[in-house]
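Undergrad: Below: one structure in structure tokens.
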Amino acid sequence: MTLTDKPIPTPTRWHILGAGAMGCLWACAMHSRSVPEAHTGAPVTLLLRNRAALSSYPGHITCSDLPQSLNVPARTVCHDSGTTTDVINNLLVATKAQDTMAAIASVSSQLAPDSRLVLLQNGLKVQQELSRLYGTARVFCLSTSQGAWLREPFNVVHAGDGDTWLGQLAPASAETPAPLQRLLDMLPAQQLNIRIDNNIGDRLWRKLAINCAINALTVIHDCRNGELLHLPDARQTLTALCNEISQLLPEIAGAPAMPDLSAQVQHVLTVTADNVSSTLQDIRRGRATEIDHLNGYLCNLAAQQHLPCPVNQSVLQQMRVIESQALRA
Ligand SMILES: NC(=O)c1ccc[n+]([C@@H]2O[C@H](COP(=O)([O-])OP(=O)(O)OC[C@H]3O[C@@H](n4cnc5c(N)ncnc54)[C@H](OP(=O)(O)O)[C@@H]3O)[C@@H](O)[C@H]2O)c1
């Protein structure tokens, strides 16, 4: 074989399920991740919810921190449209946690038997359910502090640069499994600061515990993160929530102990003082929140162990009332 006969490497095709803020951000990052020999980024197909979403697609995604808009081909997952015959080998799931199982079910007939599922969701519930359903070897979890929001459909603002961690819910190991390294090589590691975490389960648990302490309280007090430290009522509930969660975690199989949760939460609230939590953003937009995958999930696990969690229950009930009002409005 001469040099000119050498095959040009074909970049891996990614299917992205859910074209919201994260789906569009990742589509842009994957597209701009160049494979030097091929002079192109990874081809990306967006799997949209229905025909209405497809017809609103302007033909490209715009990402605010890139000089040019990108042309990303979109297909629909709408079953009656007959446009979704692709076999999916690599699926990035970028739906909200509560939509994820139904969204994956809608494309399950297209999944190759060994397809990879890469999950971006908040919480831990869908990660655990999908790892059970498809096997831990095929399911990969991301935990990211990258921030993004949609200016309008398919126009994403990359609001905050952060870190992204990639791993599997297999038992923690000192050595990185080869499939994890292979997947990292296919992802926009440089663009989104992606690194491997051989104990992603612990990382997801810690983030879940912190979100359970913060997110619902910002809704109940309708405030930015930092204000939770200054409003006396909020601060009192925050302390009670942190204590209760710290006591629950050691009783839950697979969860790490977090005796220092209160200090960690204070740190997060201080460095994100001006942020509006994702749960409060959802309420303000009249959208369903991920609360069933945060405090709701924790309360269910506690109930399974017959452990009382009155502070989390009270916060959850208040959230449900506020959420149903927001959805009606
Ligand atoms: N945004 C961030 O900064 C950020 C940061 C860290 C983690 N995350 C996590 O990433 C996940 C996605 O967040 P996001 O902010 O990108 O949410 P988002 O903007 O609401 O996007 C979710 C998208 O999924 C679509 N969708 C829902 N069901 C679908 C289905 N069956 N088929 C196809 N598409 C479907 C939604 O369509 P509709 O609009 O029609 O409902 C929406 O476009 C969440 O779990 C979030 O917690 C987000």
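In the structure tokens, the first chain shown is A, the next is B, and so on; residue numbers restart at 1 for each chain, and ligands run from 1 in the order shown.
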Would you give me, as CSV, each residue of chain A having an atom within 9 Å of an atom of ligand 1, along with its shortest atom pair and that distance in Å to one decimal, using only C-alpha atoms and all ligand atoms and sorting by chain and residue number?
TA:
residue,atom,partner,partner_atom_place_in_ligand_line,distance
A:Ile16,CA,ligand 1,33 (C),8.7
A:Leu17,CA,ligand 1,33 (C),5.3
A:Gly18,CA,ligand 1,24 (O),3.5
A:Ala19,CA,ligand 1,43 (O),4.3
A:Gly20,CA,ligand 1,21 (O),3.2
A:Ala21,CA,ligand 1,16 (O),3.8
A:Met22,CA,ligand 1,16 (O),3.6
A:Gly23,CA,ligand 1,16 (O),5.7
A:Cys24,CA,ligand 1,16 (O),7.7
A:Leu25,CA,ligand 1,16 (O),8.3
A:Leu46,CA,ligand 1,33 (C),8.6
A:Leu47,CA,ligand 1,33 (C),5.8
A:Leu48,CA,ligand 1,33 (C),4.4
A:Arg49,CA,ligand 1,33 (C),3.5
A:Asn50,CA,ligand 1,33 (C),7.3
A:Ala53,CA,ligand 1,40 (O),7.1
A:Thr76,CA,ligand 1,33 (C),8.0
A:Val77,CA,ligand 1,32 (N),6.4
A:Cys78,CA,ligand 1,32 (N),8.2
A:Val93,CA,ligand 1,11 (C),8.0
A:Ala94,CA,ligand 1,12 (C),4.7
A:Thr95,CA,ligand 1,24 (O),3.7
A:Lys96,CA,ligand 1,45 (O),3.9
A:Ala97,CA,ligand 1,45 (O),4.7
A:Gln98,CA,ligand 1,45 (O),8.1
A:Asp99,CA,ligand 1,28 (N),5.0
A:Thr100,CA,ligand 1,28 (N),6.7
A:Met101,CA,ligand 1,31 (N),8.4
A:Ala102,CA,ligand 1,31 (N),5.8
A:Ala103,CA,ligand 1,31 (N),3.5
A:Ile104,CA,ligand 1,31 (N),7.2
A:Ala105,CA,ligand 1,31 (N),8.2
A:Ser106,CA,ligand 1,31 (N),6.6
A:Val107,CA,ligand 1,32 (N),8.5
A:Leu119,CA,ligand 1,10 (O),8.4
A:Leu120,CA,ligand 1,10 (O),5.0
A:Gln121,CA,ligand 1,45 (O),3.3
A:Asn122,CA,ligand 1,47 (O),4.1
A:Gly123,CA,ligand 1,45 (O),7.6
A:Leu142,CA,ligand 1,7 (C),8.7
A:Ser143,CA,ligand 1,7 (C),7.1
A:Thr144,CA,ligand 1,6 (C),5.3
A:Ser145,CA,ligand 1,6 (C),5.7
A:Gln146,CA,ligand 1,5 (C),5.7
A:Gly147,CA,ligand 1,3 (O),3.3
A:Ala148,CA,ligand 1,3 (O),3.9
A:Trp149,CA,ligand 1,1 (N),5.5
A:Leu150,CA,ligand 1,19 (O),6.6
A:Pro153,CA,ligand 1,43 (O),7.9
A:Phe154,CA,ligand 1,43 (O),8.8
A:His158,CA,ligand 1,3 (O),8.1
A:Ala159,CA,ligand 1,3 (O),7.5
A:Gly160,CA,ligand 1,3 (O),7.8
A:Ser278,CA,ligand 1,47 (O),7.1
A:Thr279,CA,ligand 1,47 (O),8.7
A:Asp282,CA,ligand 1,20 (O),8.3
A:Arg287,CA,ligand 1,20 (O),8.4
A:Glu290,CA,ligand 1,47 (O),7.2
Undergrad: Please give the complete set of residues from segment 72-307 of chain A that DSSP, run on the backbone, assigns to strand (DSSP E), formatted as a ChimeraX atom specification.
TA: /A:74-76,88-93,111-119,139-144,147-152,155-160,164-167,194-196
Undergrad: Taking only C-alpha atoms into account, which of A:Val126, A:Ala174, A:Leu298, A:Ile194 comes nearest Ile210 of chain A?
TA: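 With only C-alpha atoms as the atom set, the closest residue is A:Leu298.
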Undergrad: What's around segment 320-322 of chain A at 10 Å? Count only C-alpha atoms, leave out sequence neighbours fewer than 4 positions away in its own chain, and write the answer as a ChimeraX atom specification.
TA: /A:216,219-220,283,289,291-292,296,314-316,326-328
Undergrad: Let me see the file: selected residues, N, CA and C atoms, as a PDB file, in the first residue's frame.
TA:
ATOM      1  N   ALA A 216     -33.960  22.604  45.345  1.00  0.00           N
ATOM      2  CA  ALA A 216     -35.371  22.844  45.719  1.00  0.00           C
ATOM      3  C   ALA A 216     -35.487  24.080  46.612  1.00  0.00           C
ATOM      4  N   VAL A 219     -35.876  27.227  44.823  1.00  0.00           N
ATOM      5  CA  VAL A 219     -37.238  27.403  44.287  1.00  0.00           C
ATOM      6  C   VAL A 219     -38.161  27.895  45.401  1.00  0.00           C
ATOM      7  N   ILE A 220     -38.089  27.237  46.541  1.00  0.00           N
ATOM      8  CA  ILE A 220     -38.984  27.597  47.654  1.00  0.00           C
ATOM      9  C   ILE A 220     -38.771  29.057  48.061  1.00  0.00           C
ATOM     10  N   ILE A 283     -38.600  26.146  36.692  1.00  0.00           N
ATOM     11  CA  ILE A 283     -39.855  26.687  37.247  1.00  0.00           C
ATOM     12  C   ILE A 283     -40.177  28.025  36.592  1.00  0.00           C
ATOM     13  N   THR A 289     -39.499  20.006  36.314  1.00  0.00           N
ATOM     14  CA  THR A 289     -38.149  19.976  36.896  1.00  0.00           C
ATOM     15  C   THR A 289     -37.656  18.524  37.035  1.00  0.00           C
ATOM     16  N   ILE A 291     -36.897  17.215  39.847  1.00  0.00           N
ATOM     17  CA  ILE A 291     -36.958  16.997  41.303  1.00  0.00           C
ATOM     18  C   ILE A 291     -37.141  15.519  41.674  1.00  0.00           C
ATOM     19  N   ASP A 292     -37.882  14.761  40.818  1.00  0.00           N
ATOM     20  CA  ASP A 292     -38.061  13.333  41.136  1.00  0.00           C
ATOM     21  C   ASP A 292     -36.742  12.574  41.047  1.00  0.00           C
ATOM     22  N   GLY A 296     -36.680  13.604  45.301  1.00  0.00           N
ATOM     23  CA  GLY A 296     -37.657  12.524  45.129  1.00  0.00           C
ATOM     24  C   GLY A 296     -36.963  11.167  45.141  1.00  0.00           C
ATOM     25  N   SER A 314     -40.546  17.220  53.258  1.00  0.00           N
ATOM     26  CA  SER A 314     -41.239  18.508  53.312  1.00  0.00           C
ATOM     27  C   SER A 314     -40.842  19.392  52.116  1.00  0.00           C
ATOM     28  N   VAL A 315     -39.547  19.394  51.814  1.00  0.00           N
ATOM     29  CA  VAL A 315     -39.044  20.180  50.679  1.00  0.00           C
ATOM     30  C   VAL A 315     -39.658  19.651  49.372  1.00  0.00           C
ATOM     31  N   LEU A 316     -39.733  18.317  49.272  1.00  0.00           N
ATOM     32  CA  LEU A 316     -40.291  17.686  48.068  1.00  0.00           C
ATOM     33  C   LEU A 316     -41.761  18.078  47.887  1.00  0.00           C
ATOM     34  N   ALA A 326     -46.558  26.181  38.503  1.00  0.00           N
ATOM     35  CA  ALA A 326     -45.753  26.727  37.389  1.00  0.00           C
ATOM     36  C   ALA A 326     -46.177  26.095  36.065  1.00  0.00           C
ATOM     37  N   LEU A 327     -46.464  24.773  36.097  1.00  0.00           N
ATOM     38  CA  LEU A 327     -46.846  24.095  34.854  1.00  0.00           C
ATOM     39  C   LEU A 327     -48.209  24.580  34.372  1.00  0.00           C
ATOM     40  N   ARG A 328     -49.132  24.841  35.366  1.00  0.00           N
ATOM     41  CA  ARG A 328     -50.473  25.344  34.984  1.00  0.00           C
ATOM     42  C   ARG A 328     -50.376  26.754  34.401  1.00  0.00           C
TER      43      ARG A 328
END
Undergrad: Give me the residues near Asn71 of chain A as an MDAnalysis selection string, where near means some atom within 9 Å (using only C-alpha atoms) and where sequence neighbours in that chain fewer than 2 positions away do not count.
TA: chainID A and resid 28 31 59:62 69 73
Undergrad: Output the selection as a PDB file, in the first residue's frame - all heavy atoms for each residue.
TA:
ATOM      1  N   CYS A  28     -22.093  20.818  18.611  1.00  0.00           N
ATOM      2  CA  CYS A  28     -21.096  21.773  18.107  1.00  0.00           C
ATOM      3  C   CYS A  28     -19.682  21.312  18.465  1.00  0.00           C
ATOM      4  O   CYS A  28     -18.769  21.378  17.633  1.00  0.00           O
ATOM      5  CB  CYS A  28     -21.356  23.164  18.679  1.00  0.00           C
ATOM      6  SG  CYS A  28     -22.847  23.897  18.014  1.00  0.00           S
ATOM      7  N   HIS A  31     -18.704  18.371  16.349  1.00  0.00           N
ATOM      8  CA  HIS A  31     -18.490  18.773  14.967  1.00  0.00           C
ATOM      9  C   HIS A  31     -17.160  19.517  14.814  1.00  0.00           C
ATOM     10  O   HIS A  31     -16.480  19.366  13.803  1.00  0.00           O
ATOM     11  CB  HIS A  31     -19.646  19.666  14.515  1.00  0.00           C
ATOM     12  CG  HIS A  31     -19.760  19.778  13.045  1.00  0.00           C
ATOM     13  ND1 HIS A  31     -20.365  18.803  12.282  1.00  0.00           N
ATOM     14  CD2 HIS A  31     -19.340  20.724  12.185  1.00  0.00           C
ATOM     15  CE1 HIS A  31     -20.319  19.160  11.011  1.00  0.00           C
ATOM     16  NE2 HIS A  31     -19.700  20.321  10.929  1.00  0.00           N
ATOM     17  N   GLY A  59     -31.550  24.421   9.864  1.00  0.00           N
ATOM     18  CA  GLY A  59     -30.510  23.887   8.976  1.00  0.00           C
ATOM     19  C   GLY A  59     -29.128  23.917   9.598  1.00  0.00           C
ATOM     20  O   GLY A  59     -28.183  23.380   9.028  1.00  0.00           O
ATOM     21  N   HIS A  60     -28.994  24.555  10.726  1.00  0.00           N
ATOM     22  CA  HIS A  60     -27.696  24.573  11.409  1.00  0.00           C
ATOM     23  C   HIS A  60     -27.910  24.901  12.889  1.00  0.00           C
ATOM     24  O   HIS A  60     -28.950  25.430  13.268  1.00  0.00           O
ATOM     25  CB  HIS A  60     -26.757  25.601  10.784  1.00  0.00           C
ATOM     26  CG  HIS A  60     -27.293  26.996  10.868  1.00  0.00           C
ATOM     27  ND1 HIS A  60     -28.010  27.566   9.855  1.00  0.00           N
ATOM     28  CD2 HIS A  60     -27.237  27.921  11.862  1.00  0.00           C
ATOM     29  CE1 HIS A  60     -28.376  28.783  10.210  1.00  0.00           C
ATOM     30  NE2 HIS A  60     -27.916  29.018  11.423  1.00  0.00           N
ATOM     31  N   ILE A  61     -26.884  24.576  13.664  1.00  0.00           N
ATOM     32  CA  ILE A  61     -26.885  24.961  15.083  1.00  0.00           C
ATOM     33  C   ILE A  61     -25.935  26.135  15.231  1.00  0.00           C
ATOM     34  O   ILE A  61     -24.862  26.156  14.619  1.00  0.00           O
ATOM     35  CB  ILE A  61     -26.389  23.803  15.963  1.00  0.00           C
ATOM     36  CG1 ILE A  61     -27.358  22.623  15.873  1.00  0.00           C
ATOM     37  CG2 ILE A  61     -26.255  24.230  17.418  1.00  0.00           C
ATOM     38  CD1 ILE A  61     -26.869  21.418  16.627  1.00  0.00           C
ATOM     39  N   THR A  62     -26.319  27.089  16.056  1.00  0.00           N
ATOM     40  CA  THR A  62     -25.415  28.204  16.340  1.00  0.00           C
ATOM     41  C   THR A  62     -24.923  28.057  17.778  1.00  0.00           C
ATOM     42  O   THR A  62     -25.708  27.804  18.684  1.00  0.00           O
ATOM     43  CB  THR A  62     -26.170  29.545  16.197  1.00  0.00           C
ATOM     44  OG1 THR A  62     -26.749  29.578  14.903  1.00  0.00           O
ATOM     45  CG2 THR A  62     -25.238  30.728  16.377  1.00  0.00           C
ATOM     46  N   SER A  69     -21.483  29.617  12.583  1.00  0.00           N
ATOM     47  CA  SER A  69     -22.496  28.632  12.903  1.00  0.00           C
ATOM     48  C   SER A  69     -22.120  27.320  12.218  1.00  0.00           C
ATOM     49  O   SER A  69     -21.324  27.304  11.279  1.00  0.00           O
ATOM     50  CB  SER A  69     -23.866  29.113  12.455  1.00  0.00           C
ATOM     51  OG  SER A  69     -23.840  29.358  11.083  1.00  0.00           O
ATOM     52  N   PRO A  73     -26.608  17.980  10.419  1.00  0.00           N
ATOM     53  CA  PRO A  73     -27.826  17.386   9.878  1.00  0.00           C
ATOM     54  C   PRO A  73     -28.741  16.879  10.980  1.00  0.00           C
ATOM     55  O   PRO A  73     -28.274  16.336  11.975  1.00  0.00           O
ATOM     56  CB  PRO A  73     -27.309  16.216   9.035  1.00  0.00           C
ATOM     57  CG  PRO A  73     -25.955  15.924   9.544  1.00  0.00           C
ATOM     58  CD  PRO A  73     -25.416  17.186  10.134  1.00  0.00           C
TER      59      PRO A  73
END
Undergrad: Looking at only C-alpha atoms, which of A:Gln191, A:Gln317, A:Gln247, A:Asn275 is the one that sits closest to Asn225 of chain A?
TA: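 Distance minimum relative to Asn225 of chain A lands on A:Asn275.
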Undergrad: Gln168 of chain A: which residues within 7 Å, counting only C-alpha atoms, same-chain residues fewer than 6 positions away excluded, as a VMD selection string?
TA: chain A and resid 136 139 to 141 200
Undergrad: So that I can see what lies close to Leu91 of chain A, please list as a ChimeraX atom specification the residues with an atom at most 9 Å from it, counting only C-alpha atoms and leaving out residues fewer than 3 positions away in the same chain.
TA: /A:14-17,88,111,115-119
Undergrad: Can you work out which one of A:Asp233, A:Asp274, A:Glu152, A:Asp197 has the shortest atom-to-atom distance to Tyr57 of chain A, counting only C-alpha atoms?
TA: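 Smallest separation from Tyr57 of chain A among the options: A:Glu152.
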Undergrad: Go through A:Leu124, A:Cys223, A:Leu280, A:Leu133 and flag the residue nearest Ser108 of chain A, using only C-alpha atoms for the distances.
TA: A:Leu133
Undergrad: Could you tell me which of A:Glu175, A:Glu323, A:Glu227, A:Asp163 comes closest to Val271 of chain A if we count only C-alpha atoms?
TA: A:Glu227
